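In what follows, a structure is listed as C-alpha coordinates, so that the remarks can point back to it.
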Amino acid sequence: MNDPFFYTQADTLAVRIGMQYNSDLDRLRHAYRLVYGRIPKADEIREAQQFLASARKSLQGTGVPDYQWNRQAWASLMRVLLASNEFVSID
(Lines give C-alpha, C1' and ligand atoms only; values in the text may rest on other atoms or scores of the structure.)
Protein backbone atom coordinates (compact mmCIF):
# COMPACT_ATOMS: atom_id res chain seq x y z
CA MET A 1 0.00 0.00 0.00
CA ASN A 2 3.03 2.30 0.17
CA ASP A 3 4.10 1.55 -3.38
CA PRO A 4 4.23 4.51 -5.78
CA PHE A 5 1.95 2.57 -8.15
CA PHE A 6 -0.75 2.42 -5.45
CA TYR A 7 -0.45 6.16 -4.83
CA THR A 8 -0.64 6.89 -8.55
CA GLN A 9 -3.76 4.77 -8.95
CA ALA A 10 -5.46 6.44 -5.98
CA ASP A 11 -4.63 9.88 -7.39
CA THR A 12 -5.91 8.88 -10.82
CA LEU A 13 -9.15 7.65 -9.28
CA ALA A 14 -9.49 10.90 -7.32
CA VAL A 15 -9.05 12.94 -10.49
CA ARG A 16 -11.54 10.77 -12.38
CA ILE A 17 -14.16 11.21 -9.67
CA GLY A 18 -13.41 14.92 -9.30
CA MET A 19 -13.84 15.56 -13.00
CA GLN A 20 -17.19 13.79 -13.22
CA TYR A 21 -19.00 15.38 -10.28
CA ASN A 22 -18.98 18.75 -8.52
CA SER A 23 -20.27 17.93 -5.03
CA ASP A 24 -18.55 15.80 -2.41
CA LEU A 25 -21.71 13.74 -1.94
CA ASP A 26 -21.97 12.90 -5.65
CA ARG A 27 -18.26 12.13 -5.73
CA LEU A 28 -18.57 9.82 -2.72
CA ARG A 29 -21.48 7.95 -4.25
CA HIS A 30 -19.58 7.52 -7.50
CA ALA A 31 -16.40 6.42 -5.73
CA TYR A 32 -18.26 3.76 -3.79
CA ARG A 33 -19.96 2.50 -6.96
CA LEU A 34 -16.61 2.25 -8.72
CA VAL A 35 -14.64 0.72 -5.85
CA TYR A 36 -17.25 -1.42 -4.08
CA GLY A 37 -20.08 -1.72 -6.59
CA ARG A 38 -22.58 -0.17 -4.17
CA ILE A 39 -23.71 3.15 -2.76
CA PRO A 40 -22.27 4.27 0.59
CA LYS A 41 -24.28 3.94 3.79
CA ALA A 42 -25.20 7.09 5.72
CA ASP A 43 -22.48 6.52 8.33
CA GLU A 44 -19.89 5.94 5.59
CA ILE A 45 -20.86 9.23 3.96
CA ARG A 46 -20.56 11.06 7.27
CA GLU A 47 -17.18 9.49 8.06
CA ALA A 48 -15.84 10.16 4.56
CA GLN A 49 -16.94 13.81 4.72
CA GLN A 50 -15.23 14.17 8.10
CA PHE A 51 -12.11 12.50 6.68
CA LEU A 52 -12.04 14.90 3.72
CA ALA A 53 -12.47 17.95 5.96
CA SER A 54 -9.71 16.75 8.26
CA ALA A 55 -7.40 15.94 5.34
CA ARG A 56 -7.91 19.37 3.80
CA LYS A 57 -7.29 21.07 7.15
CA SER A 58 -4.13 19.02 7.77
CA LEU A 59 -2.64 20.37 4.52
CA GLN A 60 -2.72 23.95 5.79
CA GLY A 61 0.79 25.22 6.44
CA THR A 62 2.47 22.25 4.76
CA GLY A 63 3.63 24.07 1.66
CA VAL A 64 1.08 22.29 -0.52
CA PRO A 65 -0.69 24.99 -2.55
CA ASP A 66 -4.31 25.45 -1.49
CA TYR A 67 -5.59 24.65 -4.98
CA GLN A 68 -4.16 21.12 -4.48
CA TRP A 69 -5.81 20.46 -1.10
CA ASN A 70 -8.99 18.98 -2.53
CA ARG A 71 -7.15 16.65 -4.89
CA GLN A 72 -4.76 15.56 -2.15
CA ALA A 73 -7.65 14.92 0.26
CA TRP A 74 -9.54 12.88 -2.31
CA ALA A 75 -6.44 10.88 -3.25
CA SER A 76 -5.96 10.12 0.44
CA LEU A 77 -9.57 8.94 0.76
CA MET A 78 -9.17 6.79 -2.35
CA ARG A 79 -6.15 5.11 -0.73
CA VAL A 80 -8.34 4.32 2.28
CA LEU A 81 -11.07 2.82 0.10
CA LEU A 82 -8.65 0.84 -2.03
CA ALA A 83 -6.83 -0.54 1.03
CA SER A 84 -10.00 -1.65 2.80
CA ASN A 85 -10.88 -5.28 3.43
CA GLU A 86 -14.04 -4.86 1.37
CA PHE A 87 -11.97 -4.03 -1.70
CA VAL A 88 -9.09 -6.46 -1.11
CA SER A 89 -10.97 -9.55 0.16
CA ILE A 90 -13.47 -11.81 -1.53
CA ASP A 91 -16.34 -13.19 0.53
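Chain lettering (A, B, ...) mirrors the order of the C-alpha coordinates, residue numbering begins at 1 for each chain separately, and ligand numbering begins at 1 in order of display.
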Set the distance at 12 Å and use only C-alpha atoms: which residues neighbour Ala31 (chain A) once local chain neighbours fewer than 5 positions away are removed? I'd like the list as a PyMOL selection string. chain A and resi 10+12-21+24-26+36-40+44-45+48+74-75+77-82
Residues of region 13-82 of chain A in alpha helix (DSSP H) according to DSSP, as an mmCIF file with N, CA and C atoms, in the first residue's frame?
data_model
loop_
_atom_site.group_PDB
_atom_site.id
_atom_site.type_symbol
_atom_site.label_atom_id
_atom_site.label_comp_id
_atom_site.auth_asym_id
_atom_site.auth_seq_id
_atom_site.Cartn_x
_atom_site.Cartn_y
_atom_site.Cartn_z
ATOM 1 N N LEU A 13 -7.747 7.850 -9.633
ATOM 2 C CA LEU A 13 -9.150 7.648 -9.282
ATOM 3 C C LEU A 13 -9.754 8.927 -8.717
ATOM 4 N N ALA A 14 -9.012 9.626 -7.884
ATOM 5 C CA ALA A 14 -9.489 10.897 -7.318
ATOM 6 C C ALA A 14 -9.753 11.917 -8.413
ATOM 7 N N VAL A 15 -8.867 12.002 -9.373
ATOM 8 C CA VAL A 15 -9.047 12.943 -10.486
ATOM 9 C C VAL A 15 -10.261 12.539 -11.316
ATOM 10 N N ARG A 16 -10.404 11.259 -11.587
ATOM 11 C CA ARG A 16 -11.544 10.774 -12.376
ATOM 12 C C ARG A 16 -12.861 11.140 -11.704
ATOM 13 N N ILE A 17 -12.947 10.899 -10.415
ATOM 14 C CA ILE A 17 -14.163 11.211 -9.669
ATOM 15 C C ILE A 17 -14.384 12.719 -9.613
ATOM 16 N N GLY A 18 -13.313 13.462 -9.400
ATOM 17 C CA GLY A 18 -13.410 14.917 -9.303
ATOM 18 C C GLY A 18 -13.840 15.576 -10.587
ATOM 19 N N MET A 19 -13.487 14.978 -11.717
ATOM 20 C CA MET A 19 -13.842 15.565 -13.002
ATOM 21 C C MET A 19 -15.288 15.251 -13.393
ATOM 22 N N GLN A 20 -15.847 14.192 -12.818
ATOM 23 C CA GLN A 20 -17.190 13.788 -13.217
ATOM 24 C C GLN A 20 -18.297 14.431 -12.395
ATOM 25 N N ASP A 24 -19.186 16.907 -3.135
ATOM 26 C CA ASP A 24 -18.552 15.803 -2.414
ATOM 27 C C ASP A 24 -19.489 14.606 -2.305
ATOM 28 N N LEU A 25 -20.762 14.844 -2.082
ATOM 29 C CA LEU A 25 -21.712 13.743 -1.945
ATOM 30 C C LEU A 25 -21.803 12.933 -3.237
ATOM 31 N N ASP A 26 -21.925 13.611 -4.369
ATOM 32 C CA ASP A 26 -21.973 12.901 -5.650
ATOM 33 C C ASP A 26 -20.665 12.161 -5.918
ATOM 34 N N ARG A 27 -19.559 12.771 -5.553
ATOM 35 C CA ARG A 27 -18.258 12.130 -5.729
ATOM 36 C C ARG A 27 -18.141 10.881 -4.860
ATOM 37 N N LEU A 28 -18.614 10.977 -3.616
ATOM 38 C CA LEU A 28 -18.567 9.818 -2.725
ATOM 39 C C LEU A 28 -19.414 8.670 -3.270
ATOM 40 N N ARG A 29 -20.605 8.996 -3.704
ATOM 41 C CA ARG A 29 -21.479 7.948 -4.254
ATOM 42 C C ARG A 29 -20.827 7.279 -5.463
ATOM 43 N N HIS A 30 -20.235 8.075 -6.312
ATOM 44 C CA HIS A 30 -19.581 7.521 -7.499
ATOM 45 C C HIS A 30 -18.358 6.683 -7.114
ATOM 46 N N ALA A 31 -17.578 7.172 -6.172
ATOM 47 C CA ALA A 31 -16.399 6.418 -5.726
ATOM 48 C C ALA A 31 -16.800 5.060 -5.171
ATOM 49 N N TYR A 32 -17.811 5.031 -4.357
ATOM 50 C CA TYR A 32 -18.265 3.755 -3.794
ATOM 51 C C TYR A 32 -18.794 2.820 -4.874
ATOM 52 N N ARG A 33 -19.485 3.359 -5.854
ATOM 53 C CA ARG A 33 -19.959 2.504 -6.957
ATOM 54 C C ARG A 33 -18.783 1.921 -7.721
ATOM 55 N N LEU A 34 -17.771 2.738 -7.983
ATOM 56 C CA LEU A 34 -16.606 2.249 -8.722
ATOM 57 C C LEU A 34 -15.779 1.242 -7.921
ATOM 58 N N VAL A 35 -15.536 1.551 -6.662
ATOM 59 C CA VAL A 35 -14.639 0.723 -5.854
ATOM 60 C C VAL A 35 -15.340 -0.499 -5.283
ATOM 61 N N TYR A 36 -16.553 -0.322 -4.775
ATOM 62 C CA TYR A 36 -17.249 -1.420 -4.084
ATOM 63 C C TYR A 36 -18.470 -1.961 -4.825
ATOM 64 N N ALA A 42 -25.178 5.744 5.124
ATOM 65 C CA ALA A 42 -25.202 7.094 5.722
ATOM 66 C C ALA A 42 -23.996 7.333 6.627
ATOM 67 N N ASP A 43 -23.628 6.334 7.432
ATOM 68 C CA ASP A 43 -22.482 6.522 8.328
ATOM 69 C C ASP A 43 -21.172 6.584 7.550
ATOM 70 N N GLU A 44 -21.092 5.882 6.432
ATOM 71 C CA GLU A 44 -19.892 5.944 5.589
ATOM 72 C C GLU A 44 -19.758 7.313 4.940
ATOM 73 N N ILE A 45 -20.874 7.882 4.537
ATOM 74 C CA ILE A 45 -20.855 9.227 3.960
ATOM 75 C C ILE A 45 -20.375 10.225 5.004
ATOM 76 N N ARG A 46 -20.935 10.135 6.192
ATOM 77 C CA ARG A 46 -20.564 11.056 7.266
ATOM 78 C C ARG A 46 -19.071 10.927 7.597
ATOM 79 N N GLU A 47 -18.590 9.704 7.734
ATOM 80 C CA GLU A 47 -17.178 9.490 8.057
ATOM 81 C C GLU A 47 -16.261 9.965 6.932
ATOM 82 N N ALA A 48 -16.657 9.729 5.697
ATOM 83 C CA ALA A 48 -15.842 10.165 4.559
ATOM 84 C C ALA A 48 -15.792 11.691 4.481
ATOM 85 N N GLN A 49 -16.926 12.347 4.732
ATOM 86 C CA GLN A 49 -16.943 13.807 4.719
ATOM 87 C C GLN A 49 -16.062 14.374 5.833
ATOM 88 N N GLN A 50 -16.096 13.737 6.998
ATOM 89 C CA GLN A 50 -15.227 14.167 8.103
ATOM 90 C C GLN A 50 -13.762 13.934 7.744
ATOM 91 N N PHE A 51 -13.475 12.808 7.108
ATOM 92 C CA PHE A 51 -12.114 12.500 6.678
ATOM 93 C C PHE A 51 -11.610 13.557 5.705
ATOM 94 N N LEU A 52 -12.431 13.899 4.719
ATOM 95 C CA LEU A 52 -12.036 14.900 3.723
ATOM 96 C C LEU A 52 -11.775 16.256 4.367
ATOM 97 N N ALA A 53 -12.656 16.660 5.274
ATOM 98 C CA ALA A 53 -12.468 17.946 5.955
ATOM 99 C C ALA A 53 -11.181 17.944 6.767
ATOM 100 N N SER A 54 -10.924 16.864 7.453
ATOM 101 C CA SER A 54 -9.707 16.749 8.257
ATOM 102 C C SER A 54 -8.462 16.734 7.376
ATOM 103 N N ALA A 55 -8.545 16.022 6.262
ATOM 104 C CA ALA A 55 -7.401 15.939 5.342
ATOM 105 C C ALA A 55 -7.089 17.303 4.742
ATOM 106 N N ARG A 56 -8.118 18.026 4.356
ATOM 107 C CA ARG A 56 -7.912 19.375 3.804
ATOM 108 C C ARG A 56 -7.286 20.293 4.854
ATOM 109 N N LYS A 57 -7.802 20.230 6.072
ATOM 110 C CA LYS A 57 -7.294 21.067 7.151
ATOM 111 C C LYS A 57 -5.839 20.723 7.475
ATOM 112 N N SER A 58 -5.493 19.449 7.427
ATOM 113 C CA SER A 58 -4.127 19.025 7.770
ATOM 114 C C SER A 58 -3.101 19.511 6.745
ATOM 115 N N TRP A 69 -5.290 21.106 -2.309
ATOM 116 C CA TRP A 69 -5.805 20.458 -1.105
ATOM 117 C C TRP A 69 -6.925 19.472 -1.402
ATOM 118 N N ASN A 70 -7.863 19.858 -2.235
ATOM 119 C CA ASN A 70 -8.993 18.984 -2.532
ATOM 120 C C ASN A 70 -8.518 17.703 -3.208
ATOM 121 N N ARG A 71 -7.660 17.830 -4.191
ATOM 122 C CA ARG A 71 -7.145 16.653 -4.892
ATOM 123 C C ARG A 71 -6.372 15.753 -3.938
ATOM 124 N N GLN A 72 -5.535 16.346 -3.108
ATOM 125 C CA GLN A 72 -4.759 15.557 -2.147
ATOM 126 C C GLN A 72 -5.680 14.839 -1.156
ATOM 127 N N ALA A 73 -6.712 15.533 -0.690
ATOM 128 C CA ALA A 73 -7.653 14.923 0.256
ATOM 129 C C ALA A 73 -8.389 13.761 -0.387
ATOM 130 N N TRP A 74 -8.834 13.957 -1.620
ATOM 131 C CA TRP A 74 -9.543 12.878 -2.315
ATOM 132 C C TRP A 74 -8.618 11.708 -2.618
ATOM 133 N N ALA A 75 -7.396 11.970 -2.998
ATOM 134 C CA ALA A 75 -6.444 10.883 -3.245
ATOM 135 C C ALA A 75 -6.206 10.093 -1.968
ATOM 136 N N SER A 76 -6.135 10.788 -0.846
ATOM 137 C CA SER A 76 -5.959 10.117 0.436
ATOM 138 C C SER A 76 -7.167 9.239 0.754
ATOM 139 N N LEU A 77 -8.362 9.744 0.523
ATOM 140 C CA LEU A 77 -9.565 8.943 0.758
ATOM 141 C C LEU A 77 -9.602 7.738 -0.180
ATOM 142 N N MET A 78 -9.181 7.922 -1.419
ATOM 143 C CA MET A 78 -9.168 6.787 -2.348
ATOM 144 C C MET A 78 -8.189 5.704 -1.877
ATOM 145 N N ARG A 79 -7.079 6.100 -1.284
ATOM 146 C CA ARG A 79 -6.147 5.112 -0.729
ATOM 147 C C ARG A 79 -6.821 4.318 0.388
ATOM 148 N N VAL A 80 -7.611 5.000 1.204
ATOM 149 C CA VAL A 80 -8.337 4.321 2.276
ATOM 150 C C VAL A 80 -9.321 3.314 1.685
ATOM 151 N N LEU A 81 -10.088 3.733 0.697
ATOM 152 C CA LEU A 81 -11.073 2.824 0.099
ATOM 153 C C LEU A 81 -10.400 1.636 -0.586
ATOM 154 N N LEU A 82 -9.333 1.910 -1.304
ATOM 155 C CA LEU A 82 -8.652 0.836 -2.031
ATOM 156 C C LEU A 82 -7.899 -0.128 -1.114
#
Between CA of Phe87 (chain A) and CA of Tyr7 (chain A), measure the distance and give it in Å to one decimal. 15.7 Å
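As for CA of Thr62 (chain A) and CA of Thr8 (chain A), they are spaced 20.6 Å apart.
As for CA of Ser84 (chain A) and CA of Phe6 (chain A), they are spaced 13.1 Å apart.
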